[in-house]
Amino acid sequence: MEQTPAAPRERRKIIFSAIQPTGVFTLGNYIGAVRNWPPLQKDYDCLYCVADLHAITVRQDPATLRRNTLEAYALLMACGLDPEKSILFIQSHNPDHAQGAWVLNCYTQFGELSRMTQFKDKSARYADNINAGLFTYPTLMAADILLYQTNFVPVGEDQRQHLEITRDIAGRFNGVYGPTLTVPEAFIPKAEKGARIMSLQDPTRKMSKSDPNPKGLVSILDEPGVILKKFRSAVTDSEARVAAGPGKEGIANLMGIYSVFTGKDFAAIQEEFAGKGYGDFKTAVGETVIQALEPVQRRYKELMADKAYLEDCYRRGAQQAARLSHRTLEKMYKRVGFLHA
Ligand code: ATP
Ligand code: LTN
């Protein structure tokens, strides 16, 4: 009997995300983004990238940027990303990103870039360096995503607007030239699952790697003693009741962190700490975080002791990425009418 060919395996959906090498990842980066990436490796074709091109939209010291880039790459692996399962690379190693961004710049309006809240925030914060790269940051991010025909982009809540503009740009390009770019969707954790972790010193501001006040952020490489100290001095309120509610943003933030690592919901946490003071609660949160980060810190030390291996991984990652992005870039070039080289 003639053998029927095996049904073609359904193509796996594509995941892309990136992080800027602007410092050691914070607990915010970890909870809102990086920690959610390793489990996706099983069911999706994943690409993860260290966004060094994006990092220079803010002035960087060259030696520090170089060090931060290698460290960010090692941190991604320490957090569970596996170069045998995903494509892990450094953005500047694949020139297609810059080339794709140029084309997309020409399909992005000045007005829509002017409305981006990150641009407004960063141009207020770095008023002496409001450069064109800071303004066109979203088109480079759109290129990162669209070059791989990405279906889903796992990021924290603060990136939602960037995903919206990416979708608009893709839709516009497809509208002019016919279907070329996959319109991606954001994968953002639910609010109580750490979509937005706030500063420990000012719970109305998000925890950020580049916060000049290190007391507000927990870095994922902080020593246990430091982590405990930062949680113990976290800003809360004077009510001494472990519960979320108006005026209790600090406590709600700590409850969110505790919930992520213990799997307990807010009601269970409230019950666990009923009648106890904030001191006990803050210590419990700190200890849970220390425990969760211990394997990451251990793996990171091992990886950083083998630079040749890291180099090998990021070189291979860049080649794998370029092979994929090239197909899309060629299509885009053809669509817009560039003469074949
Ligand atoms: P920078 O301070 O240099 O602007 P950042 O700490 O804001 O950096 P990014 O590199 O811009 O970090 O973001 C990497 C990922 O971490 C993104 O997916 C972003 O949504 C997520 N993220 C950043 N900060 C937080 C936070 N406080 N809570 C949850 N997710 C976050
Ligand atoms: N802008 C992002 C980092 C980033 C990114 C991307 C995230 C650059 N390119 C592509 C997702 C997809 C940030 O986290 N600040």
# chains A, B, ... in the order shown; residues from 1 in each chain; ligands from 1

$ residues_around --residues "Leu134 (chain A)" --least-positions-apart "4" --cutoff "7 Å" --atoms "only C-alpha atoms" --output "PDB file with all heavy atoms, in the first residue's frame"
ATOM      1  N   THR A  57      20.572  55.085  22.898  1.00  0.00           N
ATOM      2  CA  THR A  57      19.694  56.256  22.801  1.00  0.00           C
ATOM      3  C   THR A  57      19.876  57.141  24.039  1.00  0.00           C
ATOM      4  O   THR A  57      19.430  58.285  24.071  1.00  0.00           O
ATOM      5  CB  THR A  57      18.204  55.858  22.663  1.00  0.00           C
ATOM      6  OG1 THR A  57      17.855  55.020  23.764  1.00  0.00           O
ATOM      7  CG2 THR A  57      17.943  55.120  21.367  1.00  0.00           C
ATOM      8  N   PHE A 119       9.171  58.284  25.105  1.00  0.00           N
ATOM      9  CA  PHE A 119       9.938  59.400  24.547  1.00  0.00           C
ATOM     10  C   PHE A 119       9.765  60.647  25.409  1.00  0.00           C
ATOM     11  O   PHE A 119      10.724  61.341  25.720  1.00  0.00           O
ATOM     12  CB  PHE A 119       9.533  59.675  23.090  1.00  0.00           C
ATOM     13  CG  PHE A 119      10.192  60.911  22.538  1.00  0.00           C
ATOM     14  CD1 PHE A 119      11.558  60.927  22.305  1.00  0.00           C
ATOM     15  CD2 PHE A 119       9.457  62.063  22.297  1.00  0.00           C
ATOM     16  CE1 PHE A 119      12.191  62.079  21.828  1.00  0.00           C
ATOM     17  CE2 PHE A 119      10.076  63.214  21.821  1.00  0.00           C
ATOM     18  CZ  PHE A 119      11.440  63.216  21.589  1.00  0.00           C
ATOM     19  N   ILE A 130      18.388  64.967  23.752  1.00  0.00           N
ATOM     20  CA  ILE A 130      17.160  64.470  23.114  1.00  0.00           C
ATOM     21  C   ILE A 130      17.513  64.190  21.654  1.00  0.00           C
ATOM     22  O   ILE A 130      17.278  65.005  20.771  1.00  0.00           O
ATOM     23  CB  ILE A 130      16.014  65.499  23.254  1.00  0.00           C
ATOM     24  CG1 ILE A 130      15.859  65.892  24.740  1.00  0.00           C
ATOM     25  CG2 ILE A 130      14.711  64.919  22.711  1.00  0.00           C
ATOM     26  CD1 ILE A 130      14.822  66.959  24.992  1.00  0.00           C
TER      27      ILE A 130
END

$ closest_atom_pairs --of "chain A" --to "ligand 2" --cutoff "7 Å" --atoms "only C-alpha atoms and all ligand atoms" --output "JSON lines"
{"residue": "A:Phe16", "atom": "CA", "partner": "ligand 2", "partner_atom_place_in_ligand_line": "12 (C)", "distance": 5.9}
{"residue": "A:Ser17", "atom": "CA", "partner": "ligand 2", "partner_atom_place_in_ligand_line": "11 (C)", "distance": 3.9}
{"residue": "A:Ala18", "atom": "CA", "partner": "ligand 2", "partner_atom_place_in_ligand_line": "5 (C)", "distance": 4.1}
{"residue": "A:Ile19", "atom": "CA", "partner": "ligand 2", "partner_atom_place_in_ligand_line": "3 (C)", "distance": 4.5}
{"residue": "A:Gln20", "atom": "CA", "partner": "ligand 2", "partner_atom_place_in_ligand_line": "3 (C)", "distance": 5.6}
{"residue": "A:Ala51", "atom": "CA", "partner": "ligand 2", "partner_atom_place_in_ligand_line": "8 (C)", "distance": 5.3}
{"residue": "A:His54", "atom": "CA", "partner": "ligand 2", "partner_atom_place_in_ligand_line": "8 (C)", "distance": 6.4}
{"residue": "A:Met141", "atom": "CA", "partner": "ligand 2", "partner_atom_place_in_ligand_line": "9 (N)", "distance": 4.2}
{"residue": "A:Ala142", "atom": "CA", "partner": "ligand 2", "partner_atom_place_in_ligand_line": "10 (C)", "distance": 6.8}
{"residue": "A:Asp144", "atom": "CA", "partner": "ligand 2", "partner_atom_place_in_ligand_line": "10 (C)", "distance": 5.3}
{"residue": "A:Ile145", "atom": "CA", "partner": "ligand 2", "partner_atom_place_in_ligand_line": "10 (C)", "distance": 5.4}
{"residue": "A:Val153", "atom": "CA", "partner": "ligand 2", "partner_atom_place_in_ligand_line": "11 (C)", "distance": 5.9}
{"residue": "A:Pro154", "atom": "CA", "partner": "ligand 2", "partner_atom_place_in_ligand_line": "11 (C)", "distance": 6.9}
{"residue": "A:Val155", "atom": "CA", "partner": "ligand 2", "partner_atom_place_in_ligand_line": "11 (C)", "distance": 6.1}
{"residue": "A:Gln159", "atom": "CA", "partner": "ligand 2", "partner_atom_place_in_ligand_line": "14 (O)", "distance": 6.3}

$ residues_near_ligand --ligand "ligand 1" --cutoff "6 Å" --atoms "only C-alpha atoms and all ligand atoms" --output "PyMOL selection string"
chain A and resi 19-20+22+28-29+32-33+155-159+194-198+206-210

$ residues_around --residues "region 300-303 of chain A" --least-positions-apart "4" --cutoff "8 Å" --atoms "only C-alpha atoms" --output "PDB file with C-alpha atoms, in the first residue's frame"
ATOM      1  CA  ALA A  74      24.946  35.719  30.537  1.00  0.00           C
ATOM      2  CA  LEU A  75      22.035  36.815  32.736  1.00  0.00           C
ATOM      3  CA  MET A  77      21.105  32.295  30.135  1.00  0.00           C
ATOM      4  CA  ALA A  78      21.336  32.250  33.937  1.00  0.00           C
ATOM      5  CA  VAL A 296      20.130  32.354  38.957  1.00  0.00           C
ATOM      6  CA  LYS A 307      33.774  33.671  28.391  1.00  0.00           C
ATOM      7  CA  TYR A 309      31.539  29.563  25.744  1.00  0.00           C
ATOM      8  CA  LEU A 310      29.486  32.777  25.903  1.00  0.00           C
TER       9      LEU A 310
END

$ residues_around --residues "region 84-94 of chain A" --least-positions-apart "6" --cutoff "10 Å" --atoms "only C-alpha atoms" --output "PyMOL selection string"
chain A and resi 15-16+18-21+38+40-42+44-54+69-70+72-73+76-77+144+313-323+325-326

$ closest_residue --among "A:Ala244, A:Leu181, A:Leu81, A:Val235" --to "Trp37 (chain A)" --atoms "only C-alpha atoms"
A:Leu81

$ closest_residue --among "A:Pro295, A:Pro95, A:Gly337, A:Gly250" --to "Tyr278 (chain A)" --atoms "only C-alpha atoms"
A:Gly250

$ residues_around --residues "Lys276 (chain A)" --least-positions-apart "4" --cutoff "10 Å" --atoms "only C-alpha atoms" --output "mmCIF file with N, CA and C atoms, in the first residue's frame"
data_model
loop_
_atom_site.group_PDB
_atom_site.id
_atom_site.type_symbol
_atom_site.label_atom_id
_atom_site.label_comp_id
_atom_site.auth_asym_id
_atom_site.auth_seq_id
_atom_site.Cartn_x
_atom_site.Cartn_y
_atom_site.Cartn_z
ATOM 1 N N ALA A 240 -0.034 49.499 59.184
ATOM 2 C CA ALA A 240 0.374 48.184 59.699
ATOM 3 C C ALA A 240 -0.666 47.082 59.451
ATOM 4 N N ARG A 241 -1.150 47.025 58.208
ATOM 5 C CA ARG A 241 -2.101 45.963 57.856
ATOM 6 C C ARG A 241 -1.726 45.463 56.462
ATOM 7 N N VAL A 242 -1.368 44.187 56.380
ATOM 8 C CA VAL A 242 -0.953 43.637 55.092
ATOM 9 C C VAL A 242 -2.186 43.415 54.222
ATOM 10 N N GLN A 270 -2.925 38.006 52.787
ATOM 11 C CA GLN A 270 -3.540 38.834 53.823
ATOM 12 C C GLN A 270 -3.810 37.992 55.079
ATOM 13 N N GLU A 271 -4.288 36.786 54.834
ATOM 14 C CA GLU A 271 -4.598 35.883 55.944
ATOM 15 C C GLU A 271 -3.321 35.440 56.661
ATOM 16 N N GLU A 272 -2.298 35.101 55.853
ATOM 17 C CA GLU A 272 -1.037 34.637 56.434
ATOM 18 C C GLU A 272 -0.437 35.679 57.388
ATOM 19 N N ASP A 280 7.686 41.661 59.909
ATOM 20 C CA ASP A 280 7.632 40.226 59.587
ATOM 21 C C ASP A 280 7.375 40.011 58.097
ATOM 22 N N PHE A 281 6.433 40.804 57.585
ATOM 23 C CA PHE A 281 6.061 40.638 56.180
ATOM 24 C C PHE A 281 7.236 40.977 55.258
#

$ residues_around --residues "region 212-214 of chain A" --least-positions-apart "3" --cutoff "12 Å" --atoms "only C-alpha atoms" --output "ChimeraX atom specification"
/A:23-24,26,125,199-202,207-209,217-219,222,226-227,229-230,234

$ select_by_dssp --residues "region 123-218 of chain A" --states "strand (DSSP E or B)" --output "ChimeraX atom specification"
/A:152-154,185-187,198,206

$ select_by_dssp --residues "region 47-282 of chain A" --states "helix (DSSP H, G or I)" --output "PDB file with C-alpha atoms, in the first residue's frame"
ATOM      1  CA  ASP A  52      22.474  47.303  22.609  1.00  0.00           C
ATOM      2  CA  LEU A  53      21.385  49.531  19.694  1.00  0.00           C
ATOM      3  CA  HIS A  54      18.518  50.744  21.851  1.00  0.00           C
ATOM      4  CA  ALA A  55      20.817  51.315  24.816  1.00  0.00           C
ATOM      5  CA  PRO A  62      31.769  52.450  26.008  1.00  0.00           C
ATOM      6  CA  ALA A  63      33.606  50.126  28.403  1.00  0.00           C
ATOM      7  CA  THR A  64      30.545  49.886  30.646  1.00  0.00           C
ATOM      8  CA  LEU A  65      28.244  49.160  27.717  1.00  0.00           C
ATOM      9  CA  ARG A  66      30.567  46.396  26.518  1.00  0.00           C
ATOM     10  CA  ARG A  67      30.619  44.843  29.981  1.00  0.00           C
ATOM     11  CA  ASN A  68      26.871  45.250  30.488  1.00  0.00           C
ATOM     12  CA  THR A  69      26.173  43.613  27.124  1.00  0.00           C
ATOM     13  CA  LEU A  70      28.120  40.465  27.936  1.00  0.00           C
ATOM     14  CA  GLU A  71      26.621  40.397  31.428  1.00  0.00           C
ATOM     15  CA  ALA A  72      23.086  40.808  30.086  1.00  0.00           C
ATOM     16  CA  TYR A  73      23.679  37.926  27.680  1.00  0.00           C
ATOM     17  CA  ALA A  74      24.946  35.719  30.537  1.00  0.00           C
ATOM     18  CA  LEU A  75      22.035  36.815  32.736  1.00  0.00           C
ATOM     19  CA  LEU A  76      19.518  35.731  30.118  1.00  0.00           C
ATOM     20  CA  MET A  77      21.105  32.295  30.135  1.00  0.00           C
ATOM     21  CA  ALA A  78      21.336  32.250  33.937  1.00  0.00           C
ATOM     22  CA  GLN A  91      21.173  43.156  18.425  1.00  0.00           C
ATOM     23  CA  SER A  92      24.172  44.978  16.874  1.00  0.00           C
ATOM     24  CA  HIS A  93      25.537  41.635  15.627  1.00  0.00           C
ATOM     25  CA  ASP A  96      19.343  43.687   9.480  1.00  0.00           C
ATOM     26  CA  HIS A  97      17.836  45.409  12.531  1.00  0.00           C
ATOM     27  CA  ALA A  98      19.311  48.785  11.617  1.00  0.00           C
ATOM     28  CA  GLN A  99      18.461  48.303   7.949  1.00  0.00           C
ATOM     29  CA  GLY A 100      14.901  47.217   8.655  1.00  0.00           C
ATOM     30  CA  ALA A 101      14.454  50.135  11.041  1.00  0.00           C
ATOM     31  CA  TRP A 102      15.430  52.585   8.307  1.00  0.00           C
ATOM     32  CA  VAL A 103      12.738  51.296   5.993  1.00  0.00           C
ATOM     33  CA  LEU A 104      10.133  51.310   8.766  1.00  0.00           C
ATOM     34  CA  ASN A 105      11.112  54.873   9.704  1.00  0.00           C
ATOM     35  CA  PHE A 110       6.333  62.120  13.234  1.00  0.00           C
ATOM     36  CA  GLY A 111       3.051  62.652  15.083  1.00  0.00           C
ATOM     37  CA  GLU A 112       2.739  59.092  16.325  1.00  0.00           C
ATOM     38  CA  LEU A 113       6.338  59.022  17.573  1.00  0.00           C
ATOM     39  CA  SER A 114       5.739  62.330  19.381  1.00  0.00           C
ATOM     40  CA  THR A 117       5.141  58.226  26.615  1.00  0.00           C
ATOM     41  CA  GLN A 118       8.620  56.686  26.862  1.00  0.00           C
ATOM     42  CA  PHE A 119       9.938  59.400  24.547  1.00  0.00           C
ATOM     43  CA  LYS A 120       8.270  62.088  26.603  1.00  0.00           C
ATOM     44  CA  ASP A 121       9.594  60.608  29.886  1.00  0.00           C
ATOM     45  CA  LYS A 122      13.111  60.044  28.638  1.00  0.00           C
ATOM     46  CA  SER A 123      13.394  63.407  26.924  1.00  0.00           C
ATOM     47  CA  ALA A 124      12.395  65.051  30.198  1.00  0.00           C
ATOM     48  CA  ARG A 125      14.910  62.918  32.106  1.00  0.00           C
ATOM     49  CA  ALA A 132      16.924  61.392  16.977  1.00  0.00           C
ATOM     50  CA  GLY A 133      17.559  57.791  18.107  1.00  0.00           C
ATOM     51  CA  LEU A 134      15.536  58.368  21.257  1.00  0.00           C
ATOM     52  CA  PHE A 135      12.724  59.641  19.051  1.00  0.00           C
ATOM     53  CA  TYR A 137      13.414  54.097  19.299  1.00  0.00           C
ATOM     54  CA  PRO A 138      10.001  52.522  18.506  1.00  0.00           C
ATOM     55  CA  THR A 139      10.777  51.954  14.814  1.00  0.00           C
ATOM     56  CA  LEU A 140      13.940  50.038  15.721  1.00  0.00           C
ATOM     57  CA  MET A 141      11.895  48.003  18.160  1.00  0.00           C
ATOM     58  CA  ALA A 142       9.315  47.404  15.423  1.00  0.00           C
ATOM     59  CA  ALA A 143      12.101  46.168  13.139  1.00  0.00           C
ATOM     60  CA  ASP A 144      13.375  43.804  15.871  1.00  0.00           C
ATOM     61  CA  ILE A 145       9.954  42.246  16.104  1.00  0.00           C
ATOM     62  CA  LEU A 146       8.740  42.341  12.501  1.00  0.00           C
ATOM     63  CA  GLU A 157       3.197  46.530  30.983  1.00  0.00           C
ATOM     64  CA  ASP A 158       5.405  49.569  30.220  1.00  0.00           C
ATOM     65  CA  GLN A 159       6.008  48.237  26.696  1.00  0.00           C
ATOM     66  CA  ARG A 160       2.349  48.058  25.673  1.00  0.00           C
ATOM     67  CA  GLN A 161       2.422  51.315  23.722  1.00  0.00           C
ATOM     68  CA  HIS A 162       5.502  50.159  21.793  1.00  0.00           C
ATOM     69  CA  LEU A 163       3.677  47.013  20.785  1.00  0.00           C
ATOM     70  CA  GLU A 164       0.699  49.040  19.601  1.00  0.00           C
ATOM     71  CA  ILE A 165       2.833  51.218  17.354  1.00  0.00           C
ATOM     72  CA  THR A 166       4.600  48.110  16.009  1.00  0.00           C
ATOM     73  CA  ARG A 167       1.226  46.690  15.055  1.00  0.00           C
ATOM     74  CA  ASP A 168       0.226  49.972  13.411  1.00  0.00           C
ATOM     75  CA  ILE A 169       3.448  50.112  11.398  1.00  0.00           C
ATOM     76  CA  ALA A 170       3.098  46.505  10.238  1.00  0.00           C
ATOM     77  CA  GLY A 171      -0.526  47.079   9.278  1.00  0.00           C
ATOM     78  CA  ARG A 172       0.379  50.194   7.346  1.00  0.00           C
ATOM     79  CA  PHE A 173       3.191  48.485   5.432  1.00  0.00           C
ATOM     80  CA  ASN A 174       0.925  45.553   4.591  1.00  0.00           C
ATOM     81  CA  GLY A 175      -1.806  47.989   3.559  1.00  0.00           C
ATOM     82  CA  VAL A 176       0.469  49.654   1.021  1.00  0.00           C
ATOM     83  CA  TYR A 177       2.288  46.583  -0.346  1.00  0.00           C
ATOM     84  CA  ALA A 191      -1.483  42.936  36.892  1.00  0.00           C
ATOM     85  CA  GLU A 192      -1.261  40.760  40.021  1.00  0.00           C
ATOM     86  CA  LYS A 193       1.387  38.600  38.327  1.00  0.00           C
ATOM     87  CA  PRO A 214      19.857  51.932  44.182  1.00  0.00           C
ATOM     88  CA  LYS A 215      17.695  51.557  47.317  1.00  0.00           C
ATOM     89  CA  GLY A 216      14.565  51.584  45.159  1.00  0.00           C
ATOM     90  CA  PRO A 224      21.192  38.168  50.232  1.00  0.00           C
ATOM     91  CA  GLY A 225      22.041  40.679  52.972  1.00  0.00           C
ATOM     92  CA  VAL A 226      21.517  43.588  50.588  1.00  0.00           C
ATOM     93  CA  ILE A 227      18.184  42.215  49.371  1.00  0.00           C
ATOM     94  CA  LEU A 228      16.917  41.826  52.922  1.00  0.00           C
ATOM     95  CA  LYS A 229      18.017  45.335  53.819  1.00  0.00           C
ATOM     96  CA  LYS A 230      16.309  46.853  50.771  1.00  0.00           C
ATOM     97  CA  PHE A 231      13.026  45.102  51.547  1.00  0.00           C
ATOM     98  CA  ARG A 232      13.220  46.058  55.212  1.00  0.00           C
ATOM     99  CA  GLU A 249       0.716  50.984  46.922  1.00  0.00           C
ATOM    100  CA  GLY A 250       3.927  50.048  48.730  1.00  0.00           C
ATOM    101  CA  ILE A 251       2.366  47.061  50.481  1.00  0.00           C
ATOM    102  CA  ALA A 252       0.494  46.022  47.340  1.00  0.00           C
ATOM    103  CA  ASN A 253       3.793  46.035  45.458  1.00  0.00           C
ATOM    104  CA  LEU A 254       5.393  43.772  48.076  1.00  0.00           C
ATOM    105  CA  MET A 255       2.337  41.519  48.029  1.00  0.00           C
ATOM    106  CA  GLY A 256       2.658  41.253  44.254  1.00  0.00           C
ATOM    107  CA  ILE A 257       6.299  40.185  44.530  1.00  0.00           C
ATOM    108  CA  TYR A 258       5.517  37.684  47.284  1.00  0.00           C
ATOM    109  CA  SER A 259       2.595  36.326  45.301  1.00  0.00           C
ATOM    110  CA  VAL A 260       4.718  35.700  42.202  1.00  0.00           C
ATOM    111  CA  PHE A 261       7.236  33.573  44.096  1.00  0.00           C
ATOM    112  CA  THR A 262       4.895  31.752  46.463  1.00  0.00           C
ATOM    113  CA  PHE A 266      -3.649  38.364  47.791  1.00  0.00           C
ATOM    114  CA  ALA A 267      -6.386  36.931  50.024  1.00  0.00           C
ATOM    115  CA  ALA A 268      -4.112  34.115  51.198  1.00  0.00           C
ATOM    116  CA  ILE A 269      -1.253  36.548  51.850  1.00  0.00           C
ATOM    117  CA  GLN A 270      -3.540  38.834  53.823  1.00  0.00           C
ATOM    118  CA  GLU A 271      -4.598  35.883  55.944  1.00  0.00           C
ATOM    119  CA  GLU A 272      -1.037  34.637  56.434  1.00  0.00           C
ATOM    120  CA  TYR A 278       5.150  44.992  58.464  1.00  0.00           C
ATOM    121  CA  GLY A 279       8.574  43.911  59.775  1.00  0.00           C
ATOM    122  CA  ASP A 280       7.632  40.226  59.587  1.00  0.00           C
ATOM    123  CA  PHE A 281       6.061  40.638  56.180  1.00  0.00           C
ATOM    124  CA  LYS A 282       9.004  42.518  54.674  1.00  0.00           C
TER     125      LYS A 282
END

$ residues_around --residues "Leu293 (chain A)" --least-positions-apart "5" --cutoff "9 Å" --atoms "only C-alpha atoms" --output "number ranges by chain"
A: 79, 220-221, 288, 298

$ atom_distance --atom1 "CA of Arg335 (chain A)" --atom2 "CA of Thr180 (chain A)"
8.3 Å

$ atom_distance --atom1 "CA of Asn129 (chain A)" --atom2 "CA of Ile56 (chain A)"
11.0 Å

$ decode --residues "region 94-116 of chain A" --atoms "N, CA and C atoms" --output "PDB file, in the first residue's frame"
ATOM      1  N   ASN A  94      23.515  41.673  14.322  1.00  0.00           N
ATOM      2  CA  ASN A  94      22.722  41.396  13.119  1.00  0.00           C
ATOM      3  C   ASN A  94      22.314  42.734  12.473  1.00  0.00           C
ATOM      4  N   PRO A  95      23.043  43.156  11.437  1.00  0.00           N
ATOM      5  CA  PRO A  95      22.808  44.479  10.852  1.00  0.00           C
ATOM      6  C   PRO A  95      21.416  44.655  10.245  1.00  0.00           C
ATOM      7  N   ASP A  96      20.693  43.572  10.046  1.00  0.00           N
ATOM      8  CA  ASP A  96      19.343  43.687   9.480  1.00  0.00           C
ATOM      9  C   ASP A  96      18.437  44.575  10.341  1.00  0.00           C
ATOM     10  N   HIS A  97      18.700  44.610  11.649  1.00  0.00           N
ATOM     11  CA  HIS A  97      17.836  45.409  12.531  1.00  0.00           C
ATOM     12  C   HIS A  97      17.912  46.894  12.166  1.00  0.00           C
ATOM     13  N   ALA A  98      19.147  47.371  11.969  1.00  0.00           N
ATOM     14  CA  ALA A  98      19.311  48.785  11.617  1.00  0.00           C
ATOM     15  C   ALA A  98      18.745  49.052  10.225  1.00  0.00           C
ATOM     16  N   GLN A  99      18.958  48.108   9.322  1.00  0.00           N
ATOM     17  CA  GLN A  99      18.461  48.303   7.949  1.00  0.00           C
ATOM     18  C   GLN A  99      16.931  48.253   7.896  1.00  0.00           C
ATOM     19  N   GLY A 100      16.360  47.323   8.615  1.00  0.00           N
ATOM     20  CA  GLY A 100      14.901  47.217   8.655  1.00  0.00           C
ATOM     21  C   GLY A 100      14.300  48.461   9.290  1.00  0.00           C
ATOM     22  N   ALA A 101      14.969  48.953  10.340  1.00  0.00           N
ATOM     23  CA  ALA A 101      14.454  50.135  11.041  1.00  0.00           C
ATOM     24  C   ALA A 101      14.423  51.334  10.101  1.00  0.00           C
ATOM     25  N   TRP A 102      15.430  51.443   9.225  1.00  0.00           N
ATOM     26  CA  TRP A 102      15.430  52.585   8.307  1.00  0.00           C
ATOM     27  C   TRP A 102      14.181  52.575   7.422  1.00  0.00           C
ATOM     28  N   VAL A 103      13.912  51.386   6.873  1.00  0.00           N
ATOM     29  CA  VAL A 103      12.738  51.296   5.993  1.00  0.00           C
ATOM     30  C   VAL A 103      11.480  51.650   6.789  1.00  0.00           C
ATOM     31  N   LEU A 104      11.349  51.065   7.974  1.00  0.00           N
ATOM     32  CA  LEU A 104      10.133  51.310   8.766  1.00  0.00           C
ATOM     33  C   LEU A 104      10.012  52.774   9.211  1.00  0.00           C
ATOM     34  N   ASN A 105      11.147  53.442   9.383  1.00  0.00           N
ATOM     35  CA  ASN A 105      11.112  54.873   9.704  1.00  0.00           C
ATOM     36  C   ASN A 105      10.300  55.651   8.680  1.00  0.00           C
ATOM     37  N   CYS A 106      10.380  55.177   7.444  1.00  0.00           N
ATOM     38  CA  CYS A 106       9.704  55.897   6.355  1.00  0.00           C
ATOM     39  C   CYS A 106       8.211  55.557   6.276  1.00  0.00           C
ATOM     40  N   TYR A 107       7.779  54.667   7.174  1.00  0.00           N
ATOM     41  CA  TYR A 107       6.356  54.313   7.236  1.00  0.00           C
ATOM     42  C   TYR A 107       5.813  54.608   8.638  1.00  0.00           C
ATOM     43  N   THR A 108       6.480  55.537   9.319  1.00  0.00           N
ATOM     44  CA  THR A 108       6.083  55.918  10.670  1.00  0.00           C
ATOM     45  C   THR A 108       5.975  57.433  10.696  1.00  0.00           C
ATOM     46  N   GLN A 109       4.909  57.913  11.295  1.00  0.00           N
ATOM     47  CA  GLN A 109       4.666  59.349  11.274  1.00  0.00           C
ATOM     48  C   GLN A 109       5.312  60.060  12.457  1.00  0.00           C
ATOM     49  N   PHE A 110       5.766  61.261  12.194  1.00  0.00           N
ATOM     50  CA  PHE A 110       6.333  62.120  13.234  1.00  0.00           C
ATOM     51  C   PHE A 110       5.341  62.245  14.404  1.00  0.00           C
ATOM     52  N   GLY A 111       4.075  62.432  14.050  1.00  0.00           N
ATOM     53  CA  GLY A 111       3.051  62.652  15.083  1.00  0.00           C
ATOM     54  C   GLY A 111       2.912  61.460  16.010  1.00  0.00           C
ATOM     55  N   GLU A 112       2.934  60.254  15.449  1.00  0.00           N
ATOM     56  CA  GLU A 112       2.739  59.092  16.325  1.00  0.00           C
ATOM     57  C   GLU A 112       3.960  58.862  17.220  1.00  0.00           C
ATOM     58  N   LEU A 113       5.148  59.152  16.722  1.00  0.00           N
ATOM     59  CA  LEU A 113       6.338  59.022  17.573  1.00  0.00           C
ATOM     60  C   LEU A 113       6.332  60.066  18.686  1.00  0.00           C
ATOM     61  N   SER A 114       5.783  61.249  18.375  1.00  0.00           N
ATOM     62  CA  SER A 114       5.739  62.330  19.381  1.00  0.00           C
ATOM     63  C   SER A 114       4.830  61.976  20.549  1.00  0.00           C
ATOM     64  N   ARG A 115       3.900  61.077  20.312  1.00  0.00           N
ATOM     65  CA  ARG A 115       2.937  60.736  21.377  1.00  0.00           C
ATOM     66  C   ARG A 115       3.424  59.621  22.305  1.00  0.00           C
ATOM     67  N   MET A 116       4.593  59.045  22.024  1.00  0.00           N
ATOM     68  CA  MET A 116       5.045  57.916  22.836  1.00  0.00           C
ATOM     69  C   MET A 116       5.433  58.391  24.238  1.00  0.00           C
TER      70      MET A 116
END
